[in-house]
file target_2.pdb (PDB, C-alpha atoms)
ATOM      1  CA  MET A   1       0.000   0.000   0.000  1.00  0.00           C
ATOM      2  CA  GLY A   2       1.206   3.526  -0.737  1.00  0.00           C
ATOM      3  CA  LYS A   3       2.108   6.316   1.588  1.00  0.00           C
ATOM      4  CA  LEU A   4      -0.292   9.251   1.808  1.00  0.00           C
ATOM      5  CA  LYS A   5       1.229  12.687   1.415  1.00  0.00           C
ATOM      6  CA  PRO A   6      -0.505  15.974   2.255  1.00  0.00           C
ATOM      7  CA  VAL A   7      -1.426  18.226  -0.667  1.00  0.00           C
ATOM      8  CA  SER A   8      -1.843  21.950  -0.121  1.00  0.00           C
ATOM      9  CA  LYS A   9      -4.924  23.706  -1.459  1.00  0.00           C
ATOM     10  CA  THR A  10      -2.587  26.176  -3.197  1.00  0.00           C
ATOM     11  CA  ASP A  11      -0.439  23.453  -4.790  1.00  0.00           C
ATOM     12  CA  LYS A  12       0.079  24.208  -8.519  1.00  0.00           C
ATOM     13  CA  ARG A  13      -1.104  20.689  -9.300  1.00  0.00           C
ATOM     14  CA  MET A  14      -4.611  21.857  -8.366  1.00  0.00           C
ATOM     15  CA  LEU A  15      -4.563  24.307 -11.280  1.00  0.00           C
ATOM     16  CA  ASP A  16      -5.735  23.089 -14.662  1.00  0.00           C
ATOM     17  CA  ILE A  17      -2.247  23.172 -16.157  1.00  0.00           C
ATOM     18  CA  SER A  18      -1.826  20.643 -18.949  1.00  0.00           C
ATOM     19  CA  ILE A  19      -0.332  19.995 -22.351  1.00  0.00           C
ATOM     20  CA  THR A  20      -1.731  17.998 -25.249  1.00  0.00           C
ATOM     21  CA  LEU A  21       0.142  16.019 -27.856  1.00  0.00           C
ATOM     22  CA  ASP A  22      -2.222  16.327 -30.812  1.00  0.00           C
ATOM     23  CA  ASN A  23      -2.654  13.997 -33.789  1.00  0.00           C
ATOM     24  CA  GLN A  24      -0.741  16.425 -36.017  1.00  0.00           C
ATOM     25  CA  GLY A  25       2.428  16.002 -33.948  1.00  0.00           C
ATOM     26  CA  ARG A  26       2.234  19.279 -32.077  1.00  0.00           C
ATOM     27  CA  ILE A  27       2.706  20.041 -28.400  1.00  0.00           C
ATOM     28  CA  CYS A  28      -0.131  22.303 -27.265  1.00  0.00           C
ATOM     29  CA  LEU A  29      -0.037  24.321 -24.051  1.00  0.00           C
ATOM     30  CA  ASN A  30      -3.441  24.982 -22.501  1.00  0.00           C
ATOM     31  CA  ALA A  31      -4.513  28.541 -21.630  1.00  0.00           C
ATOM     32  CA  ASP A  32      -3.814  28.160 -17.895  1.00  0.00           C
ATOM     33  CA  PHE A  33      -0.275  26.978 -18.591  1.00  0.00           C
ATOM     34  CA  ARG A  34       0.346  29.856 -21.012  1.00  0.00           C
ATOM     35  CA  LYS A  35      -0.828  32.251 -18.266  1.00  0.00           C
ATOM     36  CA  GLU A  36       1.467  30.561 -15.750  1.00  0.00           C
ATOM     37  CA  LEU A  37       4.426  31.063 -18.122  1.00  0.00           C
ATOM     38  CA  LYS A  38       3.257  34.567 -19.104  1.00  0.00           C
ATOM     39  CA  LEU A  39       3.484  33.452 -22.750  1.00  0.00           C
ATOM     40  CA  GLU A  40       1.459  35.987 -24.723  1.00  0.00           C
ATOM     41  CA  ASN A  41       3.264  35.977 -28.052  1.00  0.00           C
ATOM     42  CA  LYS A  42       5.512  33.617 -29.942  1.00  0.00           C
ATOM     43  CA  GLY A  43       8.213  32.396 -27.593  1.00  0.00           C
ATOM     44  CA  PRO A  44      10.994  29.873 -27.034  1.00  0.00           C
ATOM     45  CA  LEU A  45      10.594  27.080 -24.461  1.00  0.00           C
ATOM     46  CA  PHE A  46      12.850  24.139 -23.689  1.00  0.00           C
ATOM     47  CA  VAL A  47      11.306  20.681 -23.919  1.00  0.00           C
ATOM     48  CA  PHE A  48      12.608  17.746 -21.864  1.00  0.00           C
ATOM     49  CA  HIS A  49      11.853  14.008 -21.912  1.00  0.00           C
ATOM     50  CA  ASP A  50      12.031  11.445 -19.104  1.00  0.00           C
ATOM     51  CA  GLU A  51      12.698   8.116 -20.837  1.00  0.00           C
ATOM     52  CA  GLU A  52      12.052   6.017 -17.735  1.00  0.00           C
ATOM     53  CA  TYR A  53       8.533   7.274 -17.013  1.00  0.00           C
ATOM     54  CA  GLY A  54       7.526   8.812 -20.365  1.00  0.00           C
ATOM     55  CA  ARG A  55       7.106  12.277 -18.902  1.00  0.00           C
ATOM     56  CA  ILE A  56       7.597  15.592 -20.684  1.00  0.00           C
ATOM     57  CA  GLY A  57       9.108  18.668 -19.103  1.00  0.00           C
ATOM     58  CA  ILE A  58       8.816  22.270 -20.244  1.00  0.00           C
ATOM     59  CA  ALA A  59      10.902  25.186 -19.006  1.00  0.00           C
ATOM     60  CA  GLN A  60      11.861  28.699 -19.963  1.00  0.00           C
ATOM     61  CA  LYS A  61      15.540  28.058 -19.204  1.00  0.00           C
ATOM     62  CA  CYS A  62      18.003  25.240 -19.791  1.00  0.00           C
ATOM     63  CA  ASP A  63      21.358  24.941 -18.033  1.00  0.00           C
ATOM     64  CA  GLU A  64      22.957  22.735 -20.701  1.00  0.00           C
ATOM     65  CA  ASP A  65      24.869  24.411 -23.508  1.00  0.00           C
ATOM     66  CA  GLY A  66      23.951  23.810 -27.135  1.00  0.00           C
ATOM     67  CA  VAL A  67      20.278  22.951 -26.548  1.00  0.00           C
ATOM     68  CA  GLU A  68      17.983  24.825 -28.906  1.00  0.00           C
ATOM     69  CA  PRO A  69      14.532  25.761 -27.622  1.00  0.00           C
ATOM     70  CA  HIS A  70      11.277  24.871 -29.362  1.00  0.00           C
ATOM     71  CA  ILE A  71       9.302  27.871 -30.613  1.00  0.00           C
ATOM     72  CA  PHE A  72       5.677  28.040 -29.452  1.00  0.00           C
ATOM     73  CA  ASP A  73       3.272  30.360 -31.234  1.00  0.00           C
ATOM     74  CA  SER A  74       0.854  32.752 -29.516  1.00  0.00           C
ATOM     75  CA  ARG A  75      -1.786  29.984 -29.321  1.00  0.00           C
ATOM     76  CA  GLY A  76       0.661  27.713 -27.470  1.00  0.00           C
ATOM     77  CA  TYR A  77       1.380  25.310 -30.357  1.00  0.00           C
ATOM     78  CA  CYS A  78       4.749  23.904 -31.368  1.00  0.00           C
ATOM     79  CA  GLN A  79       5.473  21.473 -34.190  1.00  0.00           C
ATOM     80  CA  ALA A  80       7.223  18.472 -32.595  1.00  0.00           C
ATOM     81  CA  LYS A  81       6.654  15.397 -34.806  1.00  0.00           C
ATOM     82  CA  ALA A  82      10.288  14.280 -34.718  1.00  0.00           C
ATOM     83  CA  PHE A  83      10.541  14.768 -30.945  1.00  0.00           C
ATOM     84  CA  LEU A  84       7.294  12.888 -30.215  1.00  0.00           C
ATOM     85  CA  SER A  85       8.220  10.019 -32.530  1.00  0.00           C
ATOM     86  CA  TRP A  86      11.709   9.807 -31.051  1.00  0.00           C
ATOM     87  CA  CYS A  87      10.195   9.652 -27.542  1.00  0.00           C
ATOM     88  CA  GLY A  88       7.787   6.881 -28.593  1.00  0.00           C
ATOM     89  CA  PHE A  89       4.474   8.739 -28.233  1.00  0.00           C
ATOM     90  CA  ASN A  90       1.758   7.325 -30.505  1.00  0.00           C
ATOM     91  CA  TYR A  91       0.066  10.647 -31.234  1.00  0.00           C
ATOM     92  CA  LYS A  92      -1.336   9.570 -34.650  1.00  0.00           C
ATOM     93  CA  ASP A  93      -4.147   7.524 -33.047  1.00  0.00           C
ATOM     94  CA  GLY A  94      -5.495  10.560 -31.211  1.00  0.00           C
ATOM     95  CA  ALA A  95      -4.560  13.363 -28.885  1.00  0.00           C
ATOM     96  CA  ILE A  96      -2.755  12.565 -25.635  1.00  0.00           C
ATOM     97  CA  ARG A  97      -3.504  14.867 -22.701  1.00  0.00           C
ATOM     98  CA  MET A  98      -0.752  15.139 -20.116  1.00  0.00           C
ATOM     99  CA  LEU A  99      -1.415  16.616 -16.679  1.00  0.00           C
ATOM    100  CA  PHE A 100       0.889  18.711 -14.534  1.00  0.00           C
ATOM    101  CA  GLU A 101       2.707  16.479 -12.070  1.00  0.00           C
ATOM    102  CA  GLY A 102       4.979  18.963 -10.312  1.00  0.00           C
ATOM    103  CA  MET A 103       8.185  20.963 -10.608  1.00  0.00           C
ATOM    104  CA  GLU A 104      11.657  19.458 -10.851  1.00  0.00           C
ATOM    105  CA  ASP A 105      14.604  21.880 -10.887  1.00  0.00           C
ATOM    106  CA  GLY A 106      12.484  24.681 -12.373  1.00  0.00           C
ATOM    107  CA  ILE A 107      10.959  22.402 -15.024  1.00  0.00           C
ATOM    108  CA  TYR A 108       7.195  21.882 -15.298  1.00  0.00           C
ATOM    109  CA  VAL A 109       6.693  18.109 -15.501  1.00  0.00           C
ATOM    110  CA  PHE A 110       3.713  16.495 -17.261  1.00  0.00           C
ATOM    111  CA  ALA A 111       2.585  12.863 -17.325  1.00  0.00           C
ATOM    112  CA  GLU A 112      -0.330  10.896 -18.705  1.00  0.00           C
ATOM    113  CA  PRO A 113      -3.041  10.399 -16.073  1.00  0.00           C
ATOM    114  CA  GLY A 114      -3.512   7.000 -14.493  1.00  0.00           C
ATOM    115  CA  ARG A 115      -1.264   4.364 -13.055  1.00  0.00           C
ATOM    116  CA  ARG A 116       2.188   3.741 -14.364  1.00  0.00           C
ATOM    117  CA  HIS A 117       2.792   0.316 -15.847  1.00  0.00           C
ATOM    118  CA  VAL A 118       5.279  -1.697 -13.837  1.00  0.00           C
ATOM    119  CA  GLU A 119       6.861  -4.803 -15.338  1.00  0.00           C
ATOM    120  CA  LEU A 120       7.224  -7.640 -12.888  1.00  0.00           C
ATOM    121  CA  LYS A 121       9.312 -10.752 -13.185  1.00  0.00           C
ATOM    122  CA  GLN A 122       8.576 -13.879 -11.186  1.00  0.00           C
ATOM    123  CA  GLY A 123      11.646 -15.471  -9.630  1.00  0.00           C
ATOM    124  CA  LYS A 124      12.221 -19.189  -9.192  1.00  0.00           C
ATOM    125  CA  ASN A 125      11.044 -18.929  -5.611  1.00  0.00           C
ATOM    126  CA  GLY A 126       7.744 -17.364  -6.713  1.00  0.00           C
ATOM    127  CA  ASP A 127       8.533 -13.829  -5.551  1.00  0.00           C
ATOM    128  CA  LEU A 128       7.683 -10.945  -7.849  1.00  0.00           C
ATOM    129  CA  GLU A 129      10.431  -8.471  -8.633  1.00  0.00           C
ATOM    130  CA  ARG A 130      10.442  -5.242 -10.609  1.00  0.00           C
ATOM    131  CA  ARG A 131      12.418  -5.416 -13.832  1.00  0.00           C
TER
END
call {"tool": "encode", "arguments": {"input": "target_2.pdb", "output": "structure tokens"}}
result
Amino acid sequence: MGKLKPVSKTDKRMLDISITLDNQGRICLNADFRKELKLENKGPLFVFHDEEYGRIGIAQKCDEDGVEPHIFDSRGYCQAKAFLSWCGFNYKDGAIRMLFEGMEDGIYVFAEPGRRHVELKQGKNGDLERR
């Protein structure tokens, strides 16, 4: 069984901040997220990917040299077909909504809602282990 953690009423996760990966291969920022970033016109944002959990991060700054930002238009759209394909997102079958999960080192982190799939392997003694 999991461990319960308190969640503040003013936690940013309670806001309706989300992104959508649409069937045209774009990353779309919802209006609340654009307000949070104060993105009113066309602007550069850095996009991150967590290979282990399939999460996407978005930030206004990146500490690594040589990383080019993605350009989002005033509606919050950015063409990202190559990025989404490279990350393994199957956006062609329909839009994927990703919800705000929290902040990590100044990066807004988004994940698909629901439980994460965990692969288990049964040992010779019958115990289940994570792969």
call {"tool": "atom_distance", "arguments": {"input": "target_2.pdb", "atom1": "CA of Tyr108 in chain A", "atom2": "CA of Cys62 in chain A"}}
result
12.2 Å
call {"tool": "residues_around", "arguments": {"input": "target_2.pdb", "residues": "Arg26 in chain A", "least_positions_apart": "5", "cutoff": "6 Å", "atoms": "all atoms listed in the file", "output": "PDB file with C-alpha atoms, keeping the file's coordinate frame"}}
result
ATOM      1  CA  LEU A  21       0.142  16.019 -27.856  1.00  0.00           C
ATOM      2  CA  CYS A  78       4.749  23.904 -31.368  1.00  0.00           C
ATOM      3  CA  GLN A  79       5.473  21.473 -34.190  1.00  0.00           C
ATOM      4  CA  ALA A  80       7.223  18.472 -32.595  1.00  0.00           C
TER       5      ALA A  80
END
call {"tool": "resolve_selection", "arguments": {"input": "target_2.pdb", "expression": "the PyMOL selection byres ((chain A and resi 72) around 12)", "output": "VMD selection string"}}
result
chain A and resid 26 to 30 34 37 39 to 47 58 60 69 to 71 73 to 80
call {"tool": "resolve_selection", "arguments": {"input": "target_2.pdb", "expression": "the PyMOL selection byres ((chain A and resi 100-102) around 7)", "output": "PyMOL selection string"}}
result
chain A and resi 13+17-18+98-99+103-104+108-111
call {"tool": "atom_distance", "arguments": {"input": "target_2.pdb", "atom1": "CA of Glu52 in chain A", "atom2": "CA of Lys81 in chain A"}}
result
20.2 Å
call {"tool": "resolve_selection", "arguments": {"input": "target_2.pdb", "expression": "the PyMOL selection byres ((chain A and resi 96) around 8)", "output": "MDAnalysis selection string"}}
result
chainID A and resid 20:22 91 94:95 97:98 112
call {"tool": "axis_aligned_box", "arguments": {"input": "target_2.pdb", "around": "range 76-90 of chain A", "padding_each_side": "4 Å", "output": "lines of an AutoDock Vina configuration file"}}
result
center_x = 6.2
center_y = 17.3
center_z = -31.1
size_x = 19.0
size_y = 28.8
size_z = 15.3
call {"tool": "residues_near_point", "arguments": {"input": "target_2.pdb", "point": "(13.9, 3.6, -23.0)", "cutoff": "12 Å", "atoms": "all atoms listed in the file", "output": "mmCIF file with C-alpha atoms, in the coordinates of the input"}}
result
data_model
loop_
_atom_site.group_PDB
_atom_site.id
_atom_site.type_symbol
_atom_site.label_atom_id
_atom_site.label_comp_id
_atom_site.auth_asym_id
_atom_site.auth_seq_id
_atom_site.Cartn_x
_atom_site.Cartn_y
_atom_site.Cartn_z
ATOM 1 C CA HIS A 49 11.853 14.008 -21.912
ATOM 2 C CA ASP A 50 12.031 11.445 -19.104
ATOM 3 C CA GLU A 51 12.698 8.116 -20.837
ATOM 4 C CA GLU A 52 12.052 6.017 -17.735
ATOM 5 C CA TYR A 53 8.533 7.274 -17.013
ATOM 6 C CA GLY A 54 7.526 8.812 -20.365
ATOM 7 C CA ARG A 55 7.106 12.277 -18.902
ATOM 8 C CA TRP A 86 11.709 9.807 -31.051
ATOM 9 C CA CYS A 87 10.195 9.652 -27.542
ATOM 10 C CA GLY A 88 7.787 6.881 -28.593
ATOM 11 C CA PHE A 89 4.474 8.739 -28.233
#
call {"tool": "atom_distance", "arguments": {"input": "target_2.pdb", "atom1": "CA of Val67 in chain A", "atom2": "CA of Ala31 in chain A"}}
result
25.9 Å
call {"tool": "closest_residue", "arguments": {"input": "target_2.pdb", "among": "A:Gly25, A:Gly106, A:Phe33, A:Ile56", "to": "Asn90 in chain A", "atoms": "all atoms listed in the file"}}
result
A:Gly25
call {"tool": "decode", "arguments": {"input": "target_2.pdb", "residues": "range 79-101 of chain A", "atoms": "N, CA, C and O atoms", "output": "PDB file, in the first residue's frame"}}
result
ATOM      1  N   GLN A  79       5.336  22.679 -33.362  1.00  0.00           N
ATOM      2  CA  GLN A  79       5.473  21.473 -34.190  1.00  0.00           C
ATOM      3  C   GLN A  79       6.580  20.601 -33.590  1.00  0.00           C
ATOM      4  O   GLN A  79       7.695  21.068 -33.382  1.00  0.00           O
ATOM      5  N   ALA A  80       6.260  19.335 -33.287  1.00  0.00           N
ATOM      6  CA  ALA A  80       7.223  18.472 -32.595  1.00  0.00           C
ATOM      7  C   ALA A  80       7.129  17.017 -33.038  1.00  0.00           C
ATOM      8  O   ALA A  80       7.344  16.110 -32.244  1.00  0.00           O
ATOM      9  N   LYS A  81       6.814  16.769 -34.309  1.00  0.00           N
ATOM     10  CA  LYS A  81       6.654  15.397 -34.806  1.00  0.00           C
ATOM     11  C   LYS A  81       7.883  14.541 -34.540  1.00  0.00           C
ATOM     12  O   LYS A  81       7.778  13.427 -34.045  1.00  0.00           O
ATOM     13  N   ALA A  82       9.053  15.054 -34.890  1.00  0.00           N
ATOM     14  CA  ALA A  82      10.288  14.280 -34.718  1.00  0.00           C
ATOM     15  C   ALA A  82      10.530  13.971 -33.245  1.00  0.00           C
ATOM     16  O   ALA A  82      10.862  12.840 -32.885  1.00  0.00           O
ATOM     17  N   PHE A  83      10.338  14.965 -32.382  1.00  0.00           N
ATOM     18  CA  PHE A  83      10.541  14.768 -30.945  1.00  0.00           C
ATOM     19  C   PHE A  83       9.578  13.717 -30.397  1.00  0.00           C
ATOM     20  O   PHE A  83       9.979  12.795 -29.683  1.00  0.00           O
ATOM     21  N   LEU A  84       8.298  13.823 -30.728  1.00  0.00           N
ATOM     22  CA  LEU A  84       7.294  12.888 -30.215  1.00  0.00           C
ATOM     23  C   LEU A  84       7.530  11.470 -30.722  1.00  0.00           C
ATOM     24  O   LEU A  84       7.382  10.503 -29.976  1.00  0.00           O
ATOM     25  N   SER A  85       7.915  11.345 -31.981  1.00  0.00           N
ATOM     26  CA  SER A  85       8.220  10.019 -32.530  1.00  0.00           C
ATOM     27  C   SER A  85       9.452   9.433 -31.858  1.00  0.00           C
ATOM     28  O   SER A  85       9.476   8.256 -31.509  1.00  0.00           O
ATOM     29  N   TRP A  86      10.473  10.251 -31.685  1.00  0.00           N
ATOM     30  CA  TRP A  86      11.709   9.807 -31.051  1.00  0.00           C
ATOM     31  C   TRP A  86      11.456   9.335 -29.616  1.00  0.00           C
ATOM     32  O   TRP A  86      12.037   8.370 -29.164  1.00  0.00           O
ATOM     33  N   CYS A  87      10.526  10.015 -28.930  1.00  0.00           N
ATOM     34  CA  CYS A  87      10.195   9.652 -27.542  1.00  0.00           C
ATOM     35  C   CYS A  87       9.245   8.460 -27.454  1.00  0.00           C
ATOM     36  O   CYS A  87       9.007   7.937 -26.373  1.00  0.00           O
ATOM     37  N   GLY A  88       8.657   8.049 -28.577  1.00  0.00           N
ATOM     38  CA  GLY A  88       7.787   6.881 -28.593  1.00  0.00           C
ATOM     39  C   GLY A  88       6.328   7.171 -28.307  1.00  0.00           C
ATOM     40  O   GLY A  88       5.564   6.255 -27.975  1.00  0.00           O
ATOM     41  N   PHE A  89       5.883   8.412 -28.446  1.00  0.00           N
ATOM     42  CA  PHE A  89       4.474   8.739 -28.233  1.00  0.00           C
ATOM     43  C   PHE A  89       3.685   8.422 -29.502  1.00  0.00           C
ATOM     44  O   PHE A  89       4.064   8.845 -30.591  1.00  0.00           O
ATOM     45  N   ASN A  90       2.597   7.689 -29.372  1.00  0.00           N
ATOM     46  CA  ASN A  90       1.758   7.325 -30.505  1.00  0.00           C
ATOM     47  C   ASN A  90       0.646   8.369 -30.651  1.00  0.00           C
ATOM     48  O   ASN A  90      -0.515   8.108 -30.347  1.00  0.00           O
ATOM     49  N   TYR A  91       1.005   9.536 -31.132  1.00  0.00           N
ATOM     50  CA  TYR A  91       0.066  10.647 -31.234  1.00  0.00           C
ATOM     51  C   TYR A  91      -0.860  10.513 -32.446  1.00  0.00           C
ATOM     52  O   TYR A  91      -1.905  11.153 -32.498  1.00  0.00           O
ATOM     53  N   LYS A  92      -0.541   9.679 -33.419  1.00  0.00           N
ATOM     54  CA  LYS A  92      -1.336   9.570 -34.650  1.00  0.00           C
ATOM     55  C   LYS A  92      -2.708   8.942 -34.420  1.00  0.00           C
ATOM     56  O   LYS A  92      -3.631   9.168 -35.186  1.00  0.00           O
ATOM     57  N   ASP A  93      -2.859   8.158 -33.347  1.00  0.00           N
ATOM     58  CA  ASP A  93      -4.147   7.524 -33.047  1.00  0.00           C
ATOM     59  C   ASP A  93      -5.104   8.446 -32.302  1.00  0.00           C
ATOM     60  O   ASP A  93      -6.235   8.080 -32.042  1.00  0.00           O
ATOM     61  N   GLY A  94      -4.644   9.616 -31.933  1.00  0.00           N
ATOM     62  CA  GLY A  94      -5.495  10.560 -31.211  1.00  0.00           C
ATOM     63  C   GLY A  94      -4.678  11.370 -30.234  1.00  0.00           C
ATOM     64  O   GLY A  94      -3.554  11.022 -29.886  1.00  0.00           O
ATOM     65  N   ALA A  95      -5.255  12.462 -29.788  1.00  0.00           N
ATOM     66  CA  ALA A  95      -4.560  13.363 -28.885  1.00  0.00           C
ATOM     67  C   ALA A  95      -4.273  12.691 -27.539  1.00  0.00           C
ATOM     68  O   ALA A  95      -5.051  11.865 -27.066  1.00  0.00           O
ATOM     69  N   ILE A  96      -3.156  13.069 -26.951  1.00  0.00           N
ATOM     70  CA  ILE A  96      -2.755  12.565 -25.635  1.00  0.00           C
ATOM     71  C   ILE A  96      -2.685  13.761 -24.702  1.00  0.00           C
ATOM     72  O   ILE A  96      -1.881  14.682 -24.913  1.00  0.00           O
ATOM     73  N   ARG A  97      -3.522  13.777 -23.686  1.00  0.00           N
ATOM     74  CA  ARG A  97      -3.504  14.867 -22.701  1.00  0.00           C
ATOM     75  C   ARG A  97      -2.571  14.469 -21.576  1.00  0.00           C
ATOM     76  O   ARG A  97      -2.652  13.367 -21.044  1.00  0.00           O
ATOM     77  N   MET A  98      -1.689  15.382 -21.197  1.00  0.00           N
ATOM     78  CA  MET A  98      -0.752  15.139 -20.116  1.00  0.00           C
ATOM     79  C   MET A  98      -0.977  16.194 -19.034  1.00  0.00           C
ATOM     80  O   MET A  98      -1.043  17.388 -19.332  1.00  0.00           O
ATOM     81  N   LEU A  99      -1.106  15.734 -17.801  1.00  0.00           N
ATOM     82  CA  LEU A  99      -1.415  16.616 -16.679  1.00  0.00           C
ATOM     83  C   LEU A  99      -0.160  17.019 -15.925  1.00  0.00           C
ATOM     84  O   LEU A  99       0.809  16.262 -15.854  1.00  0.00           O
ATOM     85  N   PHE A 100      -0.221  18.189 -15.322  1.00  0.00           N
ATOM     86  CA  PHE A 100       0.889  18.711 -14.534  1.00  0.00           C
ATOM     87  C   PHE A 100       1.108  17.828 -13.321  1.00  0.00           C
ATOM     88  O   PHE A 100       0.196  17.536 -12.564  1.00  0.00           O
ATOM     89  N   GLU A 101       2.354  17.381 -13.158  1.00  0.00           N
ATOM     90  CA  GLU A 101       2.707  16.479 -12.070  1.00  0.00           C
ATOM     91  C   GLU A 101       3.495  17.170 -10.968  1.00  0.00           C
ATOM     92  O   GLU A 101       3.490  16.740  -9.828  1.00  0.00           O
TER      93      GLU A 101
END
